$ cat final_30.txt   # compact mmCIF, C-alpha atoms
# COMPACT_ATOMS: atom_id res chain seq x y z
CA VAL D 1 14.31 -15.09 26.84
CA ARG D 2 14.99 -18.23 28.87
CA ALA D 3 15.51 -16.10 32.00
CA ARG D 4 11.92 -14.91 31.61
CA GLY D 5 10.63 -18.45 31.67
CA ILE D 6 10.06 -18.91 27.93
CA THR D 7 11.04 -22.49 27.14
CA VAL D 8 9.52 -23.06 23.69
CA PRO D 9 11.83 -22.90 20.66
CA VAL D 10 12.34 -19.36 19.36
CA VAL D 11 13.15 -18.91 15.66
CA ALA D 12 14.88 -15.73 14.54
CA GLY D 13 12.99 -13.90 11.79
CA VAL D 14 14.52 -11.88 8.96
CA LEU D 15 12.47 -9.71 6.57
CA PRO D 16 14.50 -8.25 3.68
CA VAL D 17 13.64 -4.63 2.90
CA GLN D 18 11.54 -4.74 -0.30
CA SER D 19 10.96 -1.02 -0.90
CA TYR D 20 11.60 2.27 0.85
CA GLN D 21 7.91 2.97 1.38
CA SER D 22 7.16 -0.44 2.89
CA PHE D 23 10.22 -0.02 5.14
CA ARG D 24 8.97 3.35 6.37
CA ARG D 25 5.48 1.98 6.97
CA LEU D 26 6.67 -1.05 8.94
CA VAL D 27 8.96 1.09 11.09
CA PHE D 28 6.11 3.52 11.71
CA LEU D 29 3.66 0.79 12.72
CA THR D 30 6.03 -1.39 14.78
CA LYS D 31 8.20 1.38 16.31
CA VAL D 32 11.18 -0.96 15.82
CA ALA D 33 14.68 0.48 16.31
CA VAL D 34 16.62 0.73 13.03
CA PRO D 35 20.44 0.79 12.99
CA GLU D 36 21.53 4.29 12.01
CA ALA D 37 23.92 3.00 9.34
CA LEU D 38 21.09 1.10 7.62
CA ARG D 39 18.74 4.07 7.86
CA GLU D 40 21.33 6.38 6.27
CA ARG D 41 22.01 3.98 3.39
CA LEU D 42 18.30 3.56 2.71
CA GLU D 43 17.83 7.34 2.69
CA GLU D 44 20.61 7.64 0.11
CA ALA D 45 19.10 4.90 -2.08
CA LYS D 46 15.38 5.70 -1.66
CA ALA D 47 14.97 7.16 -5.17
CA ASN D 48 16.22 3.92 -6.76
CA ASP D 49 13.90 0.98 -6.07
CA GLN D 50 16.40 -1.58 -7.35
CA ALA D 51 19.15 -0.17 -5.13
CA VAL D 52 16.81 -0.42 -2.11
CA LYS D 53 16.05 -4.07 -2.90
CA ASP D 54 19.77 -4.78 -3.33
CA LEU D 55 20.50 -3.16 0.02
CA GLY D 56 17.72 -5.18 1.62
CA VAL D 57 19.26 -8.40 0.36
CA GLU D 58 22.74 -7.38 1.48
CA HIS D 59 21.57 -6.50 4.99
CA ALA D 60 19.48 -9.68 5.32
CA VAL D 61 22.48 -11.83 4.33
CA ALA D 62 24.65 -10.06 6.90
CA MET D 63 22.02 -10.61 9.61
CA VAL D 64 21.71 -14.33 8.87
CA ARG D 65 25.48 -14.79 8.90
CA GLN D 66 25.72 -12.93 12.20
CA LEU D 67 23.03 -15.18 13.67
CA GLN D 68 24.78 -18.29 12.37
CA ALA D 69 28.07 -17.14 13.87
CA ALA D 70 26.32 -16.73 17.23
CA GLY D 71 25.15 -20.33 17.12
CA VAL D 72 21.58 -19.79 15.93
CA ARG D 73 20.57 -22.97 14.11
CA GLY D 74 17.51 -21.80 12.20
CA VAL D 75 16.19 -18.61 10.63
CA HIS D 76 12.72 -17.81 9.29
CA LEU D 77 12.90 -15.69 6.13
CA THR D 78 9.74 -13.66 5.56
CA THR D 79 8.75 -13.05 1.93
CA LEU D 80 5.39 -11.23 2.26
CA ASN D 81 4.75 -13.24 -0.93
CA LEU D 82 7.61 -11.44 -2.69
CA GLU D 83 10.04 -14.29 -3.14
CA ASN D 84 12.67 -12.62 -5.34
CA SER D 85 14.69 -10.98 -2.56
CA VAL D 86 14.53 -14.06 -0.33
CA GLN D 87 15.67 -16.20 -3.23
CA ARG D 88 18.69 -13.91 -3.63
CA VAL D 89 19.43 -14.16 0.10
CA LEU D 90 19.41 -17.95 -0.16
CA GLU D 91 21.74 -17.84 -3.17
CA ALA D 92 24.19 -15.60 -1.30
CA LEU D 93 24.13 -18.00 1.67
CA GLY D 94 24.79 -21.03 -0.54
CA MET D 95 21.25 -22.34 -0.13
CA GLY D 96 19.89 -21.44 -3.54
CA GLU D 97 18.93 -23.59 -6.50
CA ALA D 98 22.46 -24.27 -7.72
CA ALA D 99 23.68 -25.27 -4.26
CA MET D 100 20.70 -27.54 -3.68
CA LYS D 101 21.20 -29.35 -6.98
CA SER D 102 24.94 -29.89 -6.48
CA THR D 103 24.99 -30.82 -2.78
CA GLY D 104 21.46 -31.97 -2.00
CA ARG D 105 21.48 -29.77 1.10
CA ALA D 106 18.16 -29.34 2.85
CA LEU D 107 16.62 -26.19 4.22
CA ALA D 108 14.37 -26.49 7.29
CA GLY D 109 14.37 -30.27 6.91
CA GLN D 110 13.12 -30.40 3.30
CA ALA D 111 14.97 -30.45 0.00
CA VAL D 112 14.16 -27.55 -2.30
CA THR D 113 13.63 -28.97 -5.77
CA GLY D 114 14.59 -27.41 -9.06
CA GLN D 115 10.94 -27.57 -10.12
CA ALA D 116 9.90 -25.45 -7.13
CA MET D 117 12.65 -22.95 -7.84
CA THR D 118 11.60 -22.65 -11.47
CA SER D 119 7.95 -22.04 -10.64
CA THR D 120 8.83 -19.21 -8.24
CA ALA D 121 11.11 -17.61 -10.78
CA GLU D 122 8.32 -17.59 -13.34
CA ARG D 123 6.12 -15.56 -10.98
CA ARG D 124 8.57 -12.70 -10.50
CA VAL D 125 7.48 -10.53 -13.39
CA TRP D 126 4.74 -8.59 -11.58
CA ASP D 127 6.24 -8.86 -8.06
CA ASP D 128 9.52 -7.00 -8.59
CA PHE D 129 8.03 -3.61 -7.80
CA PRO D 130 4.73 -4.05 -5.92
CA ASN D 131 2.49 -1.03 -5.51
CA GLY D 132 0.18 -1.69 -2.58
CA ARG D 133 -3.47 -2.63 -2.85
CA TRP D 134 -3.76 -1.65 -6.51
CA GLY D 135 -1.39 -4.37 -7.66
CA ASP D 136 -2.14 -7.27 -9.99
CA ALA D 137 -4.97 -9.32 -8.44
CA ARG D 138 -3.36 -12.45 -9.93
CA SER D 139 -0.17 -11.90 -7.94
CA PRO D 140 0.45 -13.83 -4.71
CA ALA D 141 1.58 -10.51 -3.21
CA PHE D 142 -1.66 -8.74 -4.10
CA GLY D 143 -2.70 -6.36 -1.36
CA SER D 144 -0.04 -7.38 1.15
CA ALA D 145 2.08 -4.25 1.06
CA ASP D 146 -0.25 -1.43 1.91
CA ALA D 147 -3.73 -2.27 3.05
CA TYR D 148 -5.92 0.16 4.92
CA GLY D 149 -5.41 -2.17 7.83
CA ALA D 150 -8.96 -1.85 9.25
CA MET D 151 -7.37 -1.00 12.58
CA LEU D 152 -7.04 2.60 13.70
CA LYS D 153 -3.72 3.56 15.22
CA PHE D 154 -5.12 5.97 17.84
CA ASP D 155 -7.03 5.44 21.04
CA ALA D 156 -10.30 7.38 21.47
CA GLN D 157 -8.64 10.42 23.03
CA GLY D 158 -5.91 10.58 20.38
CA ALA D 159 -8.44 10.22 17.56
CA ALA D 160 -10.59 13.05 18.93
CA ARG D 161 -7.53 15.24 19.34
CA VAL D 162 -6.33 14.76 15.75
CA TRP D 163 -9.57 14.15 13.81
CA GLY D 164 -11.99 16.09 15.98
CA ARG D 165 -15.58 15.17 16.74
CA PRO D 166 -17.36 15.18 13.34
CA CYS D 167 -21.10 15.71 13.30
CA THR D 168 -21.67 17.11 9.78
CA LEU D 169 -20.55 16.42 6.23
CA ASP D 170 -18.73 19.76 6.28
CA ASP D 171 -16.71 18.49 9.24
CA ILE D 172 -15.59 15.49 7.16
CA SER D 173 -14.77 17.69 4.16
CA SER D 174 -12.70 20.00 6.34
CA LEU D 175 -10.83 17.06 7.89
CA PHE D 176 -9.85 15.58 4.51
CA ALA D 177 -8.85 19.02 3.19
CA ARG D 178 -6.64 19.62 6.23
CA TYR D 179 -4.94 16.29 5.58
CA VAL D 180 -4.13 16.92 1.93
CA THR D 181 -2.80 20.40 2.76
CA GLY D 182 -0.53 18.98 5.45
CA GLU D 183 -2.24 20.53 8.48
CA ILE D 184 -2.70 17.06 10.00
CA ALA D 185 -0.52 14.02 9.39
CA SER D 186 -3.09 11.22 9.23
CA LEU D 187 -6.66 10.12 8.57
CA PRO D 188 -8.51 7.03 9.77
CA TRP D 189 -7.64 5.53 6.35
CA SER D 190 -4.05 6.69 6.20
CA ASP D 191 -1.55 6.71 9.05
CA GLU D 192 1.17 8.60 7.17
CA PRO D 193 1.43 12.06 5.58
CA LEU D 194 0.97 12.35 1.82
CA ARG D 195 3.96 11.53 -0.35
CA ALA D 196 5.93 14.17 -2.20
CA GLU D 197 4.43 13.37 -5.62
CA THR D 198 1.02 14.56 -4.39
CA GLU D 199 2.29 18.14 -4.16
CA ARG D 200 1.87 18.30 -7.92
CA ILE D 201 -1.92 18.06 -7.51
CA GLY D 202 -2.21 19.23 -3.90
CA ALA D 203 -4.20 22.40 -4.58
CA GLU D 204 -6.72 20.55 -6.74
CA LEU D 205 -7.08 17.78 -4.14
CA ALA D 206 -7.79 20.35 -1.44
CA ARG D 207 -10.49 21.95 -3.61
CA VAL D 208 -12.05 18.55 -4.39
CA ASN D 209 -12.17 17.58 -0.71
CA ARG D 210 -13.75 20.88 0.32
CA LEU D 211 -16.46 20.21 -2.26
CA GLY D 212 -17.30 16.97 -0.45
CA PHE D 213 -15.38 14.36 -2.45
CA TRP D 214 -13.14 12.78 0.20
CA THR D 215 -9.99 11.44 -1.41
CA LEU D 216 -8.26 8.30 -0.11
CA ALA D 217 -5.65 7.84 -2.84
CA SER D 218 -4.54 9.73 -5.92
CA GLN D 219 -1.73 10.17 -8.38
CA PRO D 220 -0.89 12.73 -11.06
CA ALA D 221 -0.49 11.83 -14.73
CA LEU D 222 3.13 11.28 -15.79
CA ASP D 223 4.54 10.84 -19.27
CA GLY D 224 8.04 9.41 -19.58
CA VAL D 225 9.60 10.59 -16.31
CA ALA D 226 13.10 9.24 -15.65
CA SER D 227 13.02 6.25 -13.32
CA ALA D 228 15.76 7.93 -11.26
CA ASP D 229 13.56 10.97 -10.56
CA ALA D 230 13.64 11.61 -6.81
CA THR D 231 9.90 12.29 -6.56
CA HIS D 232 8.15 10.21 -9.21
CA GLY D 233 10.73 7.60 -10.22
CA TRP D 234 10.82 3.91 -9.34
CA GLY D 235 12.50 0.76 -10.60
CA PRO D 236 16.04 0.39 -12.01
CA ARG D 237 17.98 3.39 -13.26
CA GLY D 238 17.96 4.14 -16.98
CA GLY D 239 14.23 3.63 -17.46
CA TYR D 240 11.12 5.75 -17.87
CA VAL D 241 7.87 5.60 -15.91
CA TYR D 242 4.30 6.53 -16.80
CA GLN D 243 1.08 7.11 -14.84
CA LYS D 244 -2.56 7.71 -15.58
CA ALA D 245 -4.34 10.30 -13.46
CA PHE D 246 -6.20 8.47 -10.71
CA VAL D 247 -8.29 9.30 -7.67
CA GLU D 248 -10.08 7.13 -5.12
CA CYS D 249 -12.67 8.92 -3.02
CA PHE D 250 -15.78 8.66 -0.90
CA VAL D 251 -18.86 10.48 -2.20
CA ALA D 252 -21.73 11.32 0.13
CA GLY D 253 -25.02 9.70 -0.84
CA ALA D 254 -26.73 13.03 -1.58
CA LYS D 255 -24.03 13.90 -4.14
CA PHE D 256 -23.60 10.51 -5.75
CA GLY D 257 -26.42 10.71 -8.32
CA SER D 258 -25.14 13.89 -9.95
CA PHE D 259 -21.56 12.70 -9.64
CA LEU D 260 -22.38 9.45 -11.45
CA SER D 261 -24.10 11.42 -14.23
CA ARG D 262 -20.93 13.45 -14.74
CA LEU D 263 -18.85 10.26 -14.87
CA GLN D 264 -21.18 8.66 -17.39
CA SER D 265 -21.10 11.73 -19.62
CA SER D 266 -17.29 11.41 -19.69
CA ALA D 267 -17.29 7.66 -20.24
CA SER D 268 -15.07 7.84 -23.31
CA ARG D 269 -12.28 9.45 -21.24
CA VAL D 270 -12.85 8.15 -17.70
CA THR D 271 -12.99 4.60 -16.34
CA TYR D 272 -14.80 4.36 -13.03
CA TYR D 273 -15.62 1.78 -10.36
CA ALA D 274 -18.13 2.53 -7.59
CA ALA D 275 -19.55 0.54 -4.69
CA ASN D 276 -21.34 1.14 -1.41
CA ARG D 277 -21.29 -0.67 1.93
CA GLN D 278 -24.36 -2.72 1.00
CA GLY D 279 -22.49 -4.26 -1.94
CA ASP D 280 -24.04 -2.39 -4.89
CA PHE D 281 -21.46 -2.08 -7.67
CA LEU D 282 -21.25 0.08 -10.80
CA THR D 283 -18.60 0.39 -13.51
CA ASN D 284 -18.18 1.29 -17.16
CA ALA D 285 -15.27 -1.14 -17.58
CA HIS D 286 -15.82 -4.27 -19.65
CA ALA D 287 -16.11 -7.55 -17.73
CA GLY D 288 -12.69 -8.99 -16.93
CA GLU D 289 -10.93 -5.86 -18.10
CA GLY D 290 -8.29 -4.13 -15.98
CA THR D 291 -6.63 -0.74 -16.29
CA ALA D 292 -2.90 -0.17 -15.88
CA LEU D 293 -2.40 2.91 -13.71
CA THR D 294 1.39 2.81 -13.55
CA TRP D 295 3.92 1.22 -15.86
CA GLY D 296 7.61 1.47 -16.62
CA VAL D 297 10.05 0.72 -19.42
CA PHE D 298 13.56 -0.37 -18.39
CA PRO D 299 16.67 -1.59 -20.22
CA GLY D 300 16.60 -5.32 -20.88
CA ARG D 301 13.13 -5.86 -19.41
CA ALA D 302 9.58 -6.26 -20.61
CA VAL D 303 7.21 -3.42 -19.76
CA VAL D 304 6.47 -3.58 -16.03
CA GLN D 305 2.93 -2.80 -14.79
CA PRO D 306 2.98 -2.76 -10.97
CA THR D 307 -0.27 -0.85 -10.49
CA LEU D 308 -3.51 -2.20 -11.94
CA ILE D 309 -7.13 -1.70 -11.04
CA ASP D 310 -10.01 -4.00 -11.91
CA LYS D 311 -13.22 -5.20 -10.32
CA ILE D 312 -11.45 -7.78 -8.15
CA SER D 313 -8.91 -5.37 -6.69
CA PHE D 314 -11.51 -2.64 -6.17
CA LEU D 315 -13.99 -4.86 -4.35
CA ALA D 316 -11.24 -6.51 -2.33
CA TRP D 317 -10.70 -3.23 -0.48
CA ARG D 318 -14.27 -1.93 -0.39
CA ALA D 319 -15.08 -3.86 2.78
CA GLU D 320 -12.07 -2.52 4.68
CA ALA D 321 -12.65 1.03 3.48
CA PHE D 322 -16.19 0.99 4.87
CA GLN D 323 -15.18 -0.94 7.99
CA THR D 324 -12.89 1.95 8.91
CA TRP D 325 -15.93 4.23 9.22
CA ARG D 326 -17.40 1.80 11.75
CA GLU D 327 -14.16 1.58 13.72
CA TRP D 328 -13.92 5.36 13.85
CA ALA D 329 -17.51 5.54 15.07
CA ALA D 330 -16.73 2.96 17.77
CA MET D 331 -14.30 5.43 19.36
CA PHE D 332 -17.29 7.47 20.54
CA ALA D 333 -20.10 6.45 22.86
CA GLN D 334 -22.52 4.26 20.88
CA ALA D 335 -25.47 6.65 21.14
CA SER D 336 -23.41 9.83 20.75
CA GLN D 337 -24.05 12.29 17.95
CA GLU D 338 -20.61 11.59 16.46
CA ALA D 339 -21.02 7.80 16.41
CA CYS D 340 -24.50 7.96 14.89
CA PHE D 341 -23.34 10.43 12.24
CA LEU D 342 -20.30 8.33 11.22
CA ARG D 343 -22.35 5.12 10.97
CA GLU D 344 -25.02 6.89 8.93
CA THR D 345 -22.41 8.40 6.60
CA ALA D 346 -20.83 4.96 6.06
CA ASP D 347 -24.24 3.52 5.18
CA GLU D 348 -25.06 6.26 2.69
CA CYS D 349 -21.80 7.11 0.91
CA TRP D 350 -20.15 5.45 -2.07
CA LEU D 351 -16.51 4.58 -2.69
$ encode --input "final_30.txt" --output "structure tokens"
Amino acid sequence: VRARGITVPVVAGVLPVQSYQSFRRLVFLTKVAVPEALRERLEEAKANDQAVKDLGVEHAVAMVRQLQAAGVRGVHLTTLNLENSVQRVLEALGMGEAAMKSTGRALAGQAVTGQAMTSTAERRVWDDFPNGRWGDARSPAFGSADAYGAMLKFDAQGAARVWGRPCTLDDISSLFARYVTGEIASLPWSDEPLRAETERIGAELARVNRLGFWTLASQPALDGVASADATHGWGPRGGYVYQKAFVECFVAGAKFGSFLSRLQSSASRVTYYAANRQGDFLTNAHAGEGTALTWGVFPGRAVVQPTLIDKISFLAWRAEAFQTWREWAAMFAQASQEACFLRETADECWL
């Protein structure tokens, strides 16, 4: 670094692995090289969320100690607002609450008080097993794990090669259907292939997309699946997990009226949230009420609800969902048929 003329202080950064999916996503987006030994251990542990978190802590501690041994005087630990793993790293390094109280040691020039440690511990309940943008809107980690990103990962040529040059609603329907059937590996809203659990509803998703309801996220209903299940499980071993059926989709403006009527006629069985780019919002949920989409029961723990949806969480992502249409359109010449069609579709459809 110094040989290249960089003279400012450089602080080493360490991000403990929080979950297998977030690890895969970060590697995909950053193209960072991963030690083969770590990759193999994560592959072995990927069905056990707690084991993945434990491995993340172990590896982070080893990295910090290696840096210290090499004479590095400071390390920046990244939490992504999920402090539990970082707190465990500090404890393992002798910098945790107990060490601070007994020795008065300072971290990064400031003492860490017992009061601060207590307040972070109290916030851990909903942050142990985050679940992307449909987490608890009260959580400091809300939305940090898996946003749309509002930044397409292709250049114009790559986008046209993978997603084509859409000019009709049927073109969009075909594109989404090809994605859910595995013919293409990404969409403007999703830069990774679908996860294994979607295979359970794959045929139905393909049919829905061909009908013009373009799905962005979905999950099948689950009733008491073992937390160790390789496909649907999460959290510590010995527990059971549950899911409500859920789908997030775009609906073209011409279809939305009849679609809304169908939703309203099923109001006793279906909770819905709908919004368009202009900011109009509709729901049958009571004000301030949220819906748990995923929850788990584990030995020695309260019921954990990592996936919730409410008005706040839904509207928080509406802007980025619609912005992605505009970014996709910007990959074509401004006055082209494709760009005009994509902008018009964004203006007329509902999420």
$ residues_around --input "final_30.txt" --residues "stretch 188-198 of chain D" --least-positions-apart "2" --cutoff "8 Å" --atoms "all atoms listed in the file" --output "number ranges by chain"
D: 25, 148, 152-153, 179-180, 182, 184-186, 200-202, 216, 218-220, 231-232, 321, 324-325, 328
$ closest_residue --input "final_30.txt" --among "D:Val57, D:Gly300, D:Ser336, D:Ala292" --to "D:Val89" --atoms "all atoms listed in the file"
D:Val57
$ closest_residue --input "final_30.txt" --among "D:Thr345, D:Asn284, D:Ser268, D:Asn209" --to "D:Gly253" --atoms "only C-alpha atoms"
D:Thr345
$ atom_distance --input "final_30.txt" --atom1 "atom CA of D:Ala230" --atom2 "atom CA of D:Lys46"
8.0 Å
$ closest_residue --input "final_30.txt" --among "D:Val75, D:Ser19, D:Phe259, D:Glu338" --to "D:Arg326" --atoms "all atoms listed in the file"
D:Glu338
$ closest_residue --input "final_30.txt" --among "D:Pro16, D:Gly164, D:Gly158, D:Gly238" --to "D:Arg178" --atoms "all atoms listed in the file"
D:Gly164
$ atom_distance --input "final_30.txt" --atom1 "atom CA of D:Leu93" --atom2 "atom CA of D:Val52"
19.4 Å
$ axis_aligned_box --input "final_30.txt" --around "stretch 72-75 of chain D" --padding-each-side "6 Å" --output "lines of an AutoDock Vina configuration file"
center_x = 18.9
center_y = -20.8
center_z = 13.3
size_x = 17.4
size_y = 16.4
size_z = 17.3
$ atom_distance --input "final_30.txt" --atom1 "atom CA of D:Ile309" --atom2 "atom CA of D:Phe213"
20.0 Å
$ residues_around --input "final_30.txt" --residues "D:Gln243" --least-positions-apart "5" --cutoff "10 Å" --atoms "all atoms listed in the file" --output "ChimeraX atom specification"
/D:219-225,232,292-296,307
$ closest_residue --input "final_30.txt" --among "D:Leu282, D:Ala339, D:Leu315, D:Val1" --to "D:Leu263" --atoms "only C-alpha atoms"
D:Leu282
$ closest_residue --input "final_30.txt" --among "D:Trp214, D:Pro9, D:Thr30, D:Leu187" --to "D:Asp170" --atoms "only C-alpha atoms"
D:Trp214
$ residues_around --input "final_30.txt" --residues "D:Ala275" --least-positions-apart "6" --cutoff "9 Å" --atoms "only C-alpha atoms" --output "MDAnalysis selection string"
chainID D and resid 281:283 314:315 318 349:351
